[in-house]
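Below is the file entry-v2.txt, which contains compact mmCIF, C-alpha atoms and all ligand atoms.
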# COMPACT_ATOMS: atom_id res chain seq x y z
CA MET A 1 146.75 77.35 111.24
CA ASN A 2 144.10 77.18 108.61
CA LYS A 3 145.10 78.80 105.29
CA LEU A 4 141.61 80.03 104.43
CA LEU A 5 141.15 81.64 107.83
CA GLU A 6 144.52 83.29 107.52
CA LYS A 7 143.60 84.69 104.12
CA LEU A 8 140.22 85.86 105.43
CA GLN A 9 141.78 87.66 108.38
CA THR A 10 144.34 89.48 106.26
CA GLU A 11 142.29 90.22 103.15
CA HIS A 12 138.72 90.22 104.56
CA LYS A 13 137.64 88.38 101.46
CA LEU A 14 136.77 84.82 100.44
CA ASP A 15 134.59 83.36 97.73
CA CYS A 16 131.37 81.41 98.23
CA ASP A 17 133.01 77.96 98.06
CA GLU A 18 135.68 78.96 100.53
CA LEU A 19 133.15 80.32 103.02
CA THR A 20 130.98 77.22 102.61
CA HIS A 21 134.01 75.11 103.31
CA LEU A 22 134.65 76.97 106.56
CA LEU A 23 130.99 76.63 107.58
CA GLU A 24 131.16 72.87 106.95
CA ASN A 25 134.34 72.28 108.89
CA ASP A 26 133.88 72.19 112.68
CA LYS A 27 137.54 71.51 113.32
CA ILE A 28 138.37 75.13 112.65
CA ASP A 29 135.74 76.58 115.01
CA SER A 30 138.01 77.65 117.86
CA GLU A 31 140.55 79.21 115.50
CA LEU A 32 137.73 81.03 113.68
CA PHE A 33 136.39 82.42 116.96
CA GLU A 34 139.82 83.57 118.08
CA ARG A 35 140.49 85.34 114.82
CA ALA A 36 137.08 87.00 114.88
CA ASP A 37 137.71 88.18 118.45
CA GLU A 38 141.14 89.57 117.50
CA THR A 39 139.66 91.34 114.51
CA ARG A 40 136.85 92.83 116.60
CA LYS A 41 139.42 94.14 119.09
CA LYS A 42 141.68 95.56 116.40
CA PHE A 43 138.96 97.32 114.37
CA VAL A 44 136.27 98.34 116.87
CA GLY A 45 137.98 97.91 120.26
CA ASP A 46 136.77 96.61 123.60
CA GLU A 47 133.81 98.93 123.98
CA VAL A 48 130.33 97.47 123.83
CA HIS A 49 127.56 99.73 122.55
CA LEU A 50 124.20 99.39 124.28
CA ARG A 51 121.02 100.19 122.39
CA GLY A 52 117.76 100.59 124.27
CA LEU A 53 115.12 98.63 122.41
CA ILE A 54 111.57 99.99 122.42
CA GLU A 55 109.15 97.46 120.94
CA PHE A 56 106.37 99.93 120.37
CA SER A 57 103.83 97.80 118.54
CA ASN A 58 103.38 94.11 117.73
CA ILE A 59 100.79 94.77 115.03
CA CYS A 60 101.97 93.33 111.71
CA LYS A 61 100.41 93.02 108.26
CA ARG A 62 103.01 90.47 107.10
CA ASN A 63 102.80 86.74 107.46
CA CYS A 64 106.40 85.53 107.73
CA MET A 65 106.18 81.79 108.30
CA TYR A 66 108.61 81.75 111.24
CA CYS A 67 107.40 84.72 113.24
CA GLY A 68 105.04 84.79 116.21
CA LEU A 69 103.81 88.26 115.23
CA ARG A 70 102.57 87.16 111.78
CA CYS A 71 99.09 88.47 111.05
CA ASP A 72 97.53 85.01 110.89
CA ASN A 73 98.41 84.44 114.53
CA LYS A 74 95.18 85.28 116.31
CA ASN A 75 96.48 83.97 119.62
CA ILE A 76 98.35 87.05 120.70
CA GLU A 77 96.98 90.27 122.02
CA ARG A 78 98.06 93.15 119.83
CA TYR A 79 99.21 96.44 121.32
CA ARG A 80 100.49 99.82 120.30
CA LEU A 81 102.25 102.24 122.64
CA SER A 82 101.05 105.82 122.60
CA LYS A 83 103.38 108.62 121.52
CA GLU A 84 103.65 109.66 125.16
CA GLN A 85 104.58 106.13 126.23
CA ILE A 86 107.28 105.90 123.56
CA ILE A 87 108.77 109.19 124.73
CA GLN A 88 108.54 108.06 128.32
CA TYR A 89 110.49 104.87 127.52
CA ALA A 90 113.09 106.90 125.65
CA ASN A 91 113.47 109.04 128.77
CA ILE A 92 113.94 105.92 130.86
CA ALA A 93 116.60 104.74 128.40
CA LYS A 94 118.31 108.11 128.52
CA ASN A 95 118.34 108.11 132.33
CA LEU A 96 119.82 104.62 132.37
CA GLY A 97 122.70 105.89 130.26
CA TYR A 98 121.72 104.66 126.80
CA LYS A 99 122.98 106.78 123.89
CA THR A 100 120.80 105.07 121.28
CA VAL A 101 117.20 103.95 121.19
CA VAL A 102 115.85 101.49 118.64
CA LEU A 103 112.21 101.91 117.70
CA GLN A 104 110.97 98.56 116.52
CA SER A 105 107.52 97.31 115.51
CA GLY A 106 105.81 94.82 113.29
CA GLU A 107 105.29 96.01 109.74
CA ALA A 108 102.15 98.15 109.66
CA ASP A 109 101.26 101.77 109.36
CA THR A 110 100.94 101.93 113.11
CA TYR A 111 101.67 105.63 113.01
CA ASN A 112 101.22 107.79 109.95
CA ILE A 113 104.24 109.60 108.56
CA GLU A 114 103.49 112.89 110.33
CA ASN A 115 103.11 111.23 113.73
CA MET A 116 106.22 109.11 113.24
CA LYS A 117 108.20 112.22 112.31
CA GLN A 118 106.98 113.90 115.47
CA ILE A 119 108.08 110.95 117.59
CA ILE A 120 111.52 110.96 115.96
CA LYS A 121 111.90 114.69 116.57
CA ASN A 122 110.95 114.27 120.22
CA LEU A 123 113.53 111.52 120.66
CA LYS A 124 116.22 113.62 118.98
CA GLU A 125 115.51 116.39 121.48
CA LEU A 126 116.71 113.96 124.14
CA ASP A 127 120.06 113.87 122.38
CA LEU A 128 119.81 110.20 121.51
CA ALA A 129 120.85 108.42 118.35
CA VAL A 130 117.66 107.00 116.80
CA THR A 131 117.47 103.67 115.01
CA LEU A 132 114.29 102.62 113.24
CA SER A 133 113.17 99.08 112.49
CA LEU A 134 109.75 99.35 110.87
CA GLY A 135 110.09 97.15 107.80
CA GLU A 136 109.68 97.98 104.13
CA LYS A 137 108.60 101.55 103.38
CA THR A 138 108.70 103.78 100.33
CA TYR A 139 111.72 105.93 99.47
CA GLU A 140 109.70 109.02 100.42
CA GLU A 141 108.83 107.64 103.83
CA TYR A 142 112.44 106.70 104.59
CA LYS A 143 113.46 110.17 103.40
CA ALA A 144 110.91 111.88 105.66
CA TYR A 145 112.22 110.00 108.71
CA LYS A 146 115.83 110.77 107.84
CA GLU A 147 114.97 114.44 107.55
CA ALA A 148 113.18 114.28 110.89
CA GLY A 149 116.47 113.13 112.41
CA ALA A 150 116.55 109.31 112.31
CA ASP A 151 120.15 108.09 112.14
CA ARG A 152 119.96 104.38 111.47
CA TYR A 153 117.68 101.71 110.05
CA LEU A 154 117.54 97.96 110.52
CA LEU A 155 116.05 95.75 107.81
CA ARG A 156 117.17 92.16 107.71
CA ILE A 157 117.22 90.45 104.34
CA GLU A 158 116.41 87.25 106.33
CA THR A 159 117.76 84.96 103.58
CA THR A 160 119.17 85.60 100.11
CA ASP A 161 118.04 82.20 98.87
CA GLN A 162 115.22 83.42 96.66
CA GLN A 163 113.30 80.16 96.60
CA LEU A 164 113.42 79.95 100.37
CA TYR A 165 112.59 83.64 100.69
CA LYS A 166 109.46 83.13 98.63
CA LYS A 167 108.30 80.18 100.71
CA LEU A 168 108.90 81.93 104.02
CA HIS A 169 107.47 85.32 103.07
CA PRO A 170 104.05 84.96 101.43
CA LYS A 171 103.13 87.85 99.15
CA MET A 172 106.42 89.61 99.77
CA ASN A 173 108.89 90.62 97.11
CA PHE A 174 112.59 89.91 97.44
CA ASP A 175 113.61 92.57 94.92
CA ASN A 176 111.67 95.20 96.80
CA ARG A 177 113.49 94.34 100.00
CA ILE A 178 116.84 94.78 98.25
CA GLN A 179 115.61 98.06 96.82
CA CYS A 180 114.68 99.21 100.34
CA LEU A 181 118.23 98.49 101.53
CA LYS A 182 119.65 100.39 98.57
CA ASN A 183 117.34 103.32 99.29
CA LEU A 184 118.39 103.40 102.92
CA LYS A 185 122.04 103.48 101.88
CA GLU A 186 121.38 106.19 99.34
CA LEU A 187 119.63 108.29 101.98
CA ARG A 188 122.77 107.92 104.13
CA TYR A 189 121.14 105.98 106.91
CA GLU A 190 123.58 103.94 108.87
CA THR A 191 122.17 100.73 107.48
CA GLY A 192 121.80 97.40 109.23
CA SER A 193 120.70 94.11 107.77
CA GLY A 194 121.15 90.47 108.65
CA PHE A 195 119.79 86.98 108.28
CA LEU A 196 118.53 83.85 110.02
CA THR A 197 120.56 80.67 110.29
CA GLY A 198 119.22 77.13 110.48
CA LEU A 199 116.00 77.81 108.59
CA PRO A 200 114.23 74.69 107.25
CA ASN A 201 115.89 73.74 103.91
CA GLN A 202 118.58 76.39 104.18
CA THR A 203 121.98 75.18 103.00
CA LEU A 204 125.41 76.24 104.22
CA LYS A 205 126.11 77.53 100.74
CA SER A 206 123.11 79.80 101.05
CA ILE A 207 124.48 81.16 104.36
CA ALA A 208 127.79 81.82 102.59
CA GLN A 209 125.80 83.78 100.01
CA ASP A 210 124.02 85.73 102.75
CA LEU A 211 127.40 86.74 104.15
CA LEU A 212 128.66 87.78 100.73
CA PHE A 213 125.50 89.76 100.07
CA LEU A 214 125.98 91.81 103.25
CA LYS A 215 129.59 92.39 102.28
CA GLU A 216 128.61 93.45 98.79
CA ILE A 217 126.03 96.01 99.88
CA ASN A 218 128.50 97.07 102.56
CA VAL A 219 126.16 97.17 105.54
CA ASP A 220 127.15 99.16 108.61
CA MET A 221 125.58 96.70 111.02
CA ALA A 222 124.72 93.01 110.73
CA GLY A 223 122.38 91.04 112.99
CA ILE A 224 122.58 87.28 112.67
CA GLY A 225 120.47 84.90 114.73
CA PRO A 226 119.26 81.30 114.76
CA PHE A 227 115.76 80.44 113.61
CA ILE A 228 113.68 79.43 116.65
CA PRO A 229 110.39 77.56 116.03
CA SER A 230 107.58 79.72 117.32
CA PRO A 231 104.18 78.49 118.59
CA ASN A 232 101.15 79.35 116.45
CA THR A 233 103.25 79.49 113.28
CA PRO A 234 103.41 76.95 110.43
CA LEU A 235 107.04 76.15 111.30
CA TYR A 236 106.46 75.28 114.94
CA ASN A 237 107.23 71.59 114.38
CA LYS A 238 110.41 72.19 112.42
CA GLN A 239 113.86 71.90 113.82
CA GLY A 240 115.42 75.17 114.99
CA GLY A 241 118.85 76.50 114.13
CA ASN A 242 121.75 75.54 116.35
CA PHE A 243 123.84 77.96 118.32
CA MET A 244 127.20 77.04 116.80
CA LEU A 245 126.08 77.73 113.24
CA ALA A 246 124.76 81.17 114.21
CA LEU A 247 127.98 81.91 116.09
CA LYS A 248 130.17 80.78 113.21
CA SER A 249 128.20 82.84 110.71
CA MET A 250 128.57 85.88 112.96
CA ALA A 251 132.33 85.31 113.38
CA LEU A 252 132.72 85.06 109.61
CA MET A 253 130.78 88.29 109.23
CA ARG A 254 133.23 90.07 111.52
CA LEU A 255 136.16 88.83 109.42
CA LEU A 256 134.50 89.86 106.14
CA LEU A 257 133.43 93.33 107.34
CA PRO A 258 135.83 94.10 110.18
CA SER A 259 134.68 97.60 111.13
CA ILE A 260 130.89 97.14 111.27
CA ASN A 261 128.72 96.89 114.39
CA ILE A 262 127.54 93.39 115.20
CA PRO A 263 124.96 92.71 117.91
CA ALA A 264 125.04 89.68 120.15
CA THR A 265 121.45 88.84 119.27
CA THR A 266 118.65 88.03 121.71
CA ALA A 267 117.90 84.86 119.72
CA MET A 268 121.40 83.59 120.54
CA GLU A 269 120.69 84.02 124.24
CA ALA A 270 117.28 82.40 123.84
CA ILE A 271 118.78 79.10 122.68
CA CYS A 272 122.00 79.09 124.70
CA LYS A 273 122.70 80.20 128.26
CA ASN A 274 125.28 83.01 128.16
CA GLY A 275 124.89 82.98 124.39
CA GLN A 276 125.23 86.75 124.20
CA ILE A 277 128.43 86.78 126.22
CA LYS A 278 129.85 84.06 123.98
CA ALA A 279 128.86 86.10 120.93
CA LEU A 280 130.71 89.13 122.34
CA GLN A 281 133.81 86.94 122.54
CA CYS A 282 133.47 85.77 118.93
CA GLY A 283 133.12 89.07 117.08
CA ALA A 284 130.09 90.96 118.44
CA ASN A 285 130.32 94.48 119.91
CA VAL A 286 126.70 95.54 120.50
CA ILE A 287 123.86 94.52 122.82
CA MET A 288 120.26 95.67 122.49
CA PRO A 289 118.59 95.37 125.88
CA ASN A 290 114.86 95.86 126.10
CA VAL A 291 113.52 98.96 127.82
CA THR A 292 109.77 98.35 127.48
CA ALA A 293 107.74 97.03 130.42
CA LYS A 294 106.95 93.41 131.12
CA THR A 295 103.37 93.48 129.83
CA TYR A 296 104.61 94.53 126.38
CA ARG A 297 107.72 92.37 126.29
CA GLU A 298 105.57 89.28 126.77
CA LYS A 299 103.39 90.24 123.84
CA TYR A 300 106.32 90.94 121.51
CA SER A 301 106.73 87.21 121.01
CA LEU A 302 108.69 86.79 117.79
CA TYR A 303 109.88 83.43 119.11
CA PRO A 304 109.82 81.63 122.47
CA GLY A 305 112.57 81.85 125.09
CA LYS A 306 113.27 85.57 124.71
CA THR A 307 115.01 86.24 127.98
CA GLY A 308 114.20 88.97 130.44
CA THR A 309 110.51 89.19 129.58
CA ASP A 310 109.80 89.45 133.33
CA GLU A 311 112.36 92.16 134.06
CA THR A 312 112.40 95.92 134.43
CA ALA A 313 114.66 98.07 132.24
CA GLN A 314 116.83 98.76 135.27
CA LYS A 315 117.30 95.08 136.08
CA THR A 316 118.06 94.23 132.46
CA ILE A 317 120.83 96.81 132.18
CA ASN A 318 122.31 95.88 135.57
CA LYS A 319 122.64 92.28 134.43
CA VAL A 320 124.31 93.34 131.19
CA LYS A 321 126.79 95.51 133.11
CA GLU A 322 127.70 92.68 135.48
CA ASN A 323 128.26 90.31 132.60
CA LEU A 324 130.41 92.74 130.66
CA LYS A 325 132.62 93.26 133.69
CA LYS A 326 133.24 89.53 133.89
CA ILE A 327 134.68 89.49 130.39
CA ASN A 328 136.64 92.76 130.76
CA ARG A 329 134.61 94.74 128.32
CA THR A 330 133.62 98.34 128.85
CA ILE A 331 130.40 100.15 128.04
CA SER A 332 130.76 102.79 125.36
CA GLN A 333 129.87 106.35 126.31
CA SER A 334 129.54 107.49 122.70
CA TYR A 335 126.70 107.17 120.20
CA GLY A 336 128.51 104.20 118.76
CA THR A 337 128.19 105.07 115.09
CA SER A 338 129.48 102.23 112.94
CA LYS A 339 133.10 102.80 111.93
CA ASN A 340 132.14 101.40 108.56
CA TYR A 341 129.77 104.32 107.99
CA PHE A 342 132.62 106.78 107.56
CA SER A 343 134.62 104.65 105.15
N1 LIG B 401 113.34 82.93 115.20
C1 LIG B 401 114.38 83.77 115.14
N2 LIG B 401 114.30 85.05 114.72
C2 LIG B 401 113.10 85.49 114.35
N3 LIG B 401 112.70 86.68 113.88
C3 LIG B 401 111.37 86.65 113.66
N4 LIG B 401 110.90 85.42 113.98
C4 LIG B 401 111.95 84.68 114.40
C5 LIG B 401 112.11 83.35 114.85
N5 LIG B 401 111.08 82.51 114.92
C6 LIG B 401 113.62 87.78 113.59
C7 LIG B 401 113.59 88.19 112.13
C8 LIG B 401 113.22 89.65 112.15
C9 LIG B 401 113.60 90.05 113.55
C10 LIG B 401 112.88 91.25 114.07
O1 LIG B 401 113.27 88.92 114.33
O2 LIG B 401 114.88 88.01 111.55
O3 LIG B 401 113.90 90.44 111.19
FE1 LIG B 402 106.00 90.96 110.85
FE2 LIG B 402 108.65 91.22 111.07
FE3 LIG B 402 107.40 89.12 112.16
FE4 LIG B 402 107.61 89.30 109.50
S1 LIG B 402 109.34 89.08 110.96
S2 LIG B 402 105.74 88.73 110.63
S3 LIG B 402 107.43 91.50 109.18
S4 LIG B 402 107.15 91.24 112.75

Structure translated into C-alpha cells:
Amino acid sequence: MNKLLEKLQTEHKLDCDELTHLLENDKIDSELFERADETRKKFVGDEVHLRGLIEFSNICKRNCMYCGLRCDNKNIERYRLSKEQIIQYANIAKNLGYKTVVLQSGEADTYNIENMKQIIKNLKELDLAVTLSLGEKTYEEYKAYKEAGADRYLLRIETTDQQLYKKLHPKMNFDNRIQCLKNLKELRYETGSGFLTGLPNQTLKSIAQDLLFLKEINVDMAGIGPFIPSPNTPLYNKQGGNFMLALKSMALMRLLLPSINIPATTAMEAICKNGQIKALQCGANVIMPNVTAKTYREKYSLYPGKTGTDETAQKTINKVKENLKKINRTISQSYGTSKNYFS
C-alpha cells in the first residue's frame, strides 16, 4: 500500500509535491485507479448520469492554439443551429430519456442575450436540467441565463500554468477566466471546470497545480482530457497527451473532490478504444453523448478522432447503454445534480 494514496483517500488532501510524486510514479497506477473507483462508489454510487450534448454552433472568435474551431482556421464550414433546431434536439434528447442537455458552442455572440434566454426557457419547459458551455461572458449575462433557468455552466480553466496559458490563448486573459468561474459560483450555478493534460511544455507539477486549483475553487464538476493535435492548428505537429496521464489526473481528481461529477471525456475515447469505459472504472460517473446530427457533429471538430461522428442520437445512446451493462453500472433516472453542490 502506498502511504500517500492512503492519506489521499482518507483525507482527500495532498500538497503539490505529493501529487506530483504520484503523477511521476507509474508503479502506483493500479492502486490509484482502485482507490478512485472505490471512492466514486462510496460517494456518488454506481449510477452514471447521461447528458445530451447539443453542439449548436462552431463559430468562435477565440484562437486557442490547440483547437480546430479557432477563428484562424478557415478550413471548416461554420454553422449555427436555429432556435427551432435546438429545441428539436432537446426534444429528441428528452424522448431518449436524457434528464440534462448541455448547450455548447464556440465562444461568440451567436445568439444575443434575449434569444439565449428564450432558448433556455423553452428547454426548461421540457423539464430538463440545462447546462451551458458558451465561454467567458459578463456577470450580467451569466446572471440573465441563471434567471432564465440555466442550472449549470462548464468553463474549463484549460491550464493554470500562466505562462503556458498565455502562449496557448492569444489575447485572452487568465485572470478574467478565474473571475468568470468565481462569478458562476457566486450566481449559484453548478459549476464545472477542468483542464487538458499532455499539452506541449506542460509539466507534471503544473498538472498537480491544476488539480489543486479545482479543489480550491471547489468545482462541482471536473472534465479532464488529453490534448489531441488538431489539423489546421499551430500545434498539429506536436505530440499529443497520453491516455494514462489523463486517466491518472482524473483518478486523482476523484480522490481530492470525492463527491463531484466527473465525465468520462470524449477526448479519452478518441485516443483509446474503450477509453470512456476505462474512465468510468477509474473515478468517472458521467457521460455526455452527442445528440446533434451527423452533418453538425463532423463540423464540430475540436480535435480529430471524436467518435460517433457518423451516428444518430439513438445509436449513440444504445451503444452507451450496452457498454454500461457490461460493467454493471446503471443509468441514473434523476437530474444528477452534483452532490458537491449541496455541501
Ligand atoms: N484536444 C483536446 N481537447 C481539446 N479541446 C479543444 N481542443 C482540443 C484538443 N485539440 C477542449 C478544450 C475545451 C473543450 C470544449 O474542448 O478543453 O474547453
Ligand atoms: Fe473557441 Fe473553445 Fe476552441 Fe478556444 S477551445 S478556439 S474558445 S471553441

> Between A:Leu196, A:Ile87, A:Leu245, A:Ala264, which one has atoms that come closest to ligand LIG 402 (chain B), using all atoms listed in the file?
Replying inline: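 So, comparing all the options, the nearest one is A:Leu196.
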
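With distances restricted to only C-alpha atoms and all ligand atoms, A:Ala270 is the closest residue to ligand LIG 401 (chain B) from A:Met172, A:Leu255, A:Leu32, A:Ala270.
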
>> Around ligand LIG 402 (chain B), which protein and nucleic acid residues have at least one atom no more than 6 Å from it, if we count all atoms listed in the file? List them as a PyMOL selection string.
In response: chain A and resi 60+62-64+67+69-70+106-107

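Considering all atoms listed in the file, the residue among A:Met116, A:Val320, A:Ile92, A:Leu154 positioned nearest to Thr131 in chain A is A:Leu154.
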
>> Report, in Å with one decimal, the straight-line distance from CA of Gly52 in chain A to CA of Tyr111 in chain A.
In response: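 Straight-line distance from CA of Gly52 in chain A to CA of Tyr111 in chain A works out to 20.3 Å.
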
> With distances taken over all atoms listed in the file, which of A:Leu126, A:Ile228, A:Ala222, A:Ile331 is nearest to ligand LIG 401 (chain B)?
Replying inline: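 Answer, going by the shortest atom-to-atom distance: A:Ile228.
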